[in-house]
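A.B. asks: I'd like to ask some things about the structure below.
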Amino acid sequence: MNLKTRLAAAALLVATTATAWAQVPKVPKVQDAWARPTVQGQKAGGGFLRIDSPAADRLLGGSTPVAGRVELHSMKMEGDVMRMREVEAIELPAGQPVALQPGGLHLMLMELKSPLKNGDRFPLTLKFEKAGELQVEVQVRTQAPGGAATPAGGVHKH
Ligand SMILES: [Cu+2]
C-alpha cells in the first residue's frame with residue numbers, strides 16, 4: 001500500500017466511523033433511579049431519577065411489575081400547601097439533565113402490589129416520545145443516592 005492509498009483508507013475509516021456515530025440512537029441516560037420504602041396498606045409510592053437526554057424528548061410515562069400503573073406528577077407549594085398534580089409529560093431539553101426528586105417532579109407508583117422494602121430492586125420501563133422504551137432498575141432506599149437527605153415524612157396524599 002502506498003501512502004496515498006493508506007491515507008484514502010484512513011479517511012474512509014474516519015468517514016465510516018462518523019456515519020456510524022451519527023446513527024447511534026439518541027437514548028436518554030437515566031441515573032440514580034430510586035423509590036422510597038412504603039408501609040403495608042400504602043397504595044402509592046414516589047419514584048425518583050435523573051434523566052439526561054442528548055436530544056430534545058419527552059417522558060410520557062412508565063410501567064413496572066410492582067405497581068398497577070405509573071403516573072407523572074409535579075409538586076408545587078401553593079400558599080402553605082404542597083400540591084401534587086398529574087402531568088401529561090415531562091419535557092427533556094437536549095443535553096440538560098432533568099431531576100425527578102422529592103418535592104418536585106416525580107414518578108408516582110400507583111396501586112402498589114406489595115410494600116416496597118428498603119434494599120429491594122425492581123425494573124421500571126420508561127416511555128419516551130422519541131427514544132421509545134428504556135428499562136432501568138430502581139433501588140428502594142430511604143435516601144437519594146449520593147447521600148443527600150430528602151425531606152422527612154414523605155406524606156403523599158392524592
Ligand atoms: Cu405524587
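Going through the C-alpha cells in order, the chains are called A, B, and so on, while each chain numbers its residues from 1 and the ligands are numbered from 1 in the order shown.
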Using only C-alpha atoms and all ligand atoms, determine which residues fall within 12 Å of ligand 1, then list them as a ChimeraX atom specification.
C.D. replies: /A:35-36,43-48,70-76,82-87,100-110,154-158
A.B. asks: Which of these residues is nearest to Arg50 in chain A, using only C-alpha atoms: A:Val98, A:Leu124, A:Val27, A:Val136?
C.D. replies: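 So, comparing all the options, the nearest one is A:Val98.
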A.B. asks: Please provide as a PyMOL selection string all residues within 7 Å of Leu59 in chain A, with the sequence filter that same-chain residues fewer than 3 positions apart are discarded (counting only C-alpha atoms).
C.D. replies: chain A and resi 89-91+127-129
A.B. asks: Just write the chosen residues, all heavy atoms, as a PDB file, in the first residue's frame.
C.D. replies:
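Written output follows (out-v4.pdb):
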ATOM      1  N   ALA A  89     -46.769  14.889  30.465  1.00  0.00           N
ATOM      2  CA  ALA A  89     -45.428  14.541  30.012  1.00  0.00           C
ATOM      3  C   ALA A  89     -44.426  15.428  30.738  1.00  0.00           C
ATOM      4  O   ALA A  89     -44.780  16.474  31.258  1.00  0.00           O
ATOM      5  CB  ALA A  89     -45.312  14.747  28.507  1.00  0.00           C
ATOM      6  N   ILE A  90     -43.183  14.987  30.759  1.00  0.00           N
ATOM      7  CA  ILE A  90     -42.108  15.798  31.332  1.00  0.00           C
ATOM      8  C   ILE A  90     -41.141  16.135  30.204  1.00  0.00           C
ATOM      9  O   ILE A  90     -40.630  15.253  29.512  1.00  0.00           O
ATOM     10  CB  ILE A  90     -41.422  15.047  32.490  1.00  0.00           C
ATOM     11  CG1 ILE A  90     -42.405  14.923  33.663  1.00  0.00           C
ATOM     12  CG2 ILE A  90     -40.132  15.775  32.922  1.00  0.00           C
ATOM     13  CD1 ILE A  90     -41.918  14.092  34.824  1.00  0.00           C
ATOM     14  N   GLU A  91     -40.959  17.431  29.990  1.00  0.00           N
ATOM     15  CA  GLU A  91     -40.097  17.901  28.905  1.00  0.00           C
ATOM     16  C   GLU A  91     -38.638  17.622  29.229  1.00  0.00           C
ATOM     17  O   GLU A  91     -38.183  17.870  30.359  1.00  0.00           O
ATOM     18  CB  GLU A  91     -40.264  19.416  28.718  1.00  0.00           C
ATOM     19  CG  GLU A  91     -41.664  19.852  28.314  1.00  0.00           C
ATOM     20  CD  GLU A  91     -42.069  19.375  26.930  1.00  0.00           C
ATOM     21  OE1 GLU A  91     -41.189  19.209  26.062  1.00  0.00           O
ATOM     22  OE2 GLU A  91     -43.279  19.133  26.735  1.00  0.00           O
ATOM     23  N   LYS A 127     -41.151   5.333  29.173  1.00  0.00           N
ATOM     24  CA  LYS A 127     -41.571   5.531  27.792  1.00  0.00           C
ATOM     25  C   LYS A 127     -41.295   6.974  27.372  1.00  0.00           C
ATOM     26  O   LYS A 127     -41.794   7.915  27.998  1.00  0.00           O
ATOM     27  CB  LYS A 127     -43.064   5.219  27.674  1.00  0.00           C
ATOM     28  CG  LYS A 127     -43.494   4.935  26.262  1.00  0.00           C
ATOM     29  CD  LYS A 127     -44.949   4.494  26.245  1.00  0.00           C
ATOM     30  CE  LYS A 127     -45.590   4.901  24.940  1.00  0.00           C
ATOM     31  NZ  LYS A 127     -47.045   4.993  25.064  1.00  0.00           N
ATOM     32  N   PHE A 128     -40.494   7.100  26.330  1.00  0.00           N
ATOM     33  CA  PHE A 128     -40.146   8.418  25.807  1.00  0.00           C
ATOM     34  C   PHE A 128     -40.825   8.628  24.452  1.00  0.00           C
ATOM     35  O   PHE A 128     -41.013   7.678  23.690  1.00  0.00           O
ATOM     36  CB  PHE A 128     -38.630   8.527  25.626  1.00  0.00           C
ATOM     37  CG  PHE A 128     -37.866   8.422  26.913  1.00  0.00           C
ATOM     38  CD1 PHE A 128     -37.397   7.196  27.354  1.00  0.00           C
ATOM     39  CD2 PHE A 128     -37.633   9.541  27.692  1.00  0.00           C
ATOM     40  CE1 PHE A 128     -36.698   7.086  28.550  1.00  0.00           C
ATOM     41  CE2 PHE A 128     -36.937   9.447  28.889  1.00  0.00           C
ATOM     42  CZ  PHE A 128     -36.468   8.218  29.316  1.00  0.00           C
ATOM     43  N   GLU A 129     -41.166   9.854  24.163  1.00  0.00           N
ATOM     44  CA  GLU A 129     -41.843  10.165  22.911  1.00  0.00           C
ATOM     45  C   GLU A 129     -40.985   9.779  21.701  1.00  0.00           C
ATOM     46  O   GLU A 129     -41.466   9.192  20.754  1.00  0.00           O
ATOM     47  CB  GLU A 129     -42.168  11.655  22.863  1.00  0.00           C
ATOM     48  CG  GLU A 129     -43.060  12.053  21.725  1.00  0.00           C
ATOM     49  CD  GLU A 129     -43.432  13.524  21.821  1.00  0.00           C
ATOM     50  OE1 GLU A 129     -42.583  14.370  21.496  1.00  0.00           O
ATOM     51  OE2 GLU A 129     -44.550  13.803  22.261  1.00  0.00           O
TER      52      GLU A 129
END
A.B. asks: Can you list, as number ranges by chain, every protein, DNA or RNA residue that comes within 9 Å of Pro65 in chain A when you count only C-alpha atoms, leaving out same-chain residues fewer than 6 positions away?
C.D. replies: A: 113, 122-124
A.B. asks: Write out as a PyMOL selection string each polymer residue whose atoms come within 9 Å of Pro28 in chain A, counting only C-alpha atoms; drop sequence neighbours fewer than 4 positions from it.
C.D. replies: chain A and resi 51-55+57+128+131+134
A.B. asks: If DSSP is run on the backbone, what residues of range 74-121 of chain A are strand (DSSP E or B)? A reply as a PyMOL selection string would be ideal.
C.D. replies: chain A and resi 74-78+81-86+90-92+98-100+106-112+121
A.B. asks: Take the residues from that selection and put them in a file with N, CA and C atoms, as a tab-separated table (two decimals), in the first residue's frame.
C.D. replies:
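Below you can see part.tsv, which holds the result:
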chain	number	residue	atom	x	y	z
A	74	SER	N	-46.21	16.46	39.27
A	74	SER	CA	-45.45	17.65	39.65
A	74	SER	C	-45.88	18.02	41.05
A	75	MET	N	-45.05	18.77	41.74
A	75	MET	CA	-45.36	19.16	43.11
A	75	MET	C	-44.99	20.63	43.27
A	76	LYS	N	-45.93	21.38	43.80
A	76	LYS	CA	-45.68	22.82	43.97
A	76	LYS	C	-46.28	23.31	45.25
A	77	MET	N	-45.62	24.28	45.86
A	77	MET	CA	-46.19	24.93	47.03
A	77	MET	C	-47.24	25.92	46.53
A	78	GLU	N	-48.44	25.80	47.10
A	78	GLU	CA	-49.47	26.81	46.82
A	78	GLU	C	-49.89	27.35	48.16
A	81	VAL	N	-49.64	24.99	51.26
A	81	VAL	CA	-49.97	23.60	50.93
A	81	VAL	C	-49.15	23.10	49.75
A	82	MET	N	-48.58	21.91	49.94
A	82	MET	CA	-47.85	21.25	48.88
A	82	MET	C	-48.86	20.51	48.03
A	83	ARG	N	-48.95	20.86	46.77
A	83	ARG	CA	-49.93	20.20	45.92
A	83	ARG	C	-49.27	19.38	44.82
A	84	MET	N	-49.84	18.18	44.60
A	84	MET	CA	-49.35	17.31	43.56
A	84	MET	C	-50.34	17.23	42.45
A	85	ARG	N	-49.83	17.17	41.27
A	85	ARG	CA	-50.71	17.13	40.12
A	85	ARG	C	-50.17	16.14	39.10
A	86	GLU	N	-51.05	15.42	38.46
A	86	GLU	CA	-50.57	14.54	37.40
A	86	GLU	C	-50.29	15.40	36.17
A	90	ILE	N	-43.18	14.99	30.76
A	90	ILE	CA	-42.11	15.80	31.33
A	90	ILE	C	-41.14	16.13	30.20
A	91	GLU	N	-40.96	17.43	29.99
A	91	GLU	CA	-40.10	17.90	28.90
A	91	GLU	C	-38.64	17.62	29.23
A	92	LEU	N	-37.90	17.12	28.25
A	92	LEU	CA	-36.48	16.85	28.42
A	92	LEU	C	-35.70	17.65	27.38
A	98	VAL	N	-32.56	16.51	33.77
A	98	VAL	CA	-33.81	16.80	34.48
A	98	VAL	C	-33.88	15.86	35.67
A	99	ALA	N	-34.08	16.42	36.85
A	99	ALA	CA	-34.14	15.60	38.06
A	99	ALA	C	-35.57	15.41	38.50
A	100	LEU	N	-35.95	14.16	38.69
A	100	LEU	CA	-37.23	13.85	39.32
A	100	LEU	C	-36.87	13.55	40.76
A	106	HIS	N	-41.91	13.99	39.96
A	106	HIS	CA	-41.61	12.62	40.39
A	106	HIS	C	-42.50	11.62	39.67
A	107	LEU	N	-42.14	10.36	39.81
A	107	LEU	CA	-42.98	9.29	39.32
A	107	LEU	C	-43.84	8.84	40.48
A	108	MET	N	-45.09	8.53	40.20
A	108	MET	CA	-45.95	8.02	41.26
A	108	MET	C	-46.31	6.59	40.89
A	109	LEU	N	-45.88	5.67	41.74
A	109	LEU	CA	-46.21	4.27	41.51
A	109	LEU	C	-47.55	4.01	42.18
A	110	MET	N	-48.58	3.82	41.37
A	110	MET	CA	-49.94	3.69	41.88
A	110	MET	C	-50.33	2.23	41.97
A	111	GLU	N	-51.26	1.95	42.88
A	111	GLU	CA	-51.77	0.58	43.05
A	111	GLU	C	-50.63	-0.41	43.28
A	112	LEU	N	-49.80	-0.09	44.26
A	112	LEU	CA	-48.68	-0.97	44.59
A	112	LEU	C	-49.19	-2.36	44.94
A	121	ARG	N	-34.93	-4.15	44.76
A	121	ARG	CA	-34.71	-3.56	43.44
A	121	ARG	C	-35.83	-4.06	42.54
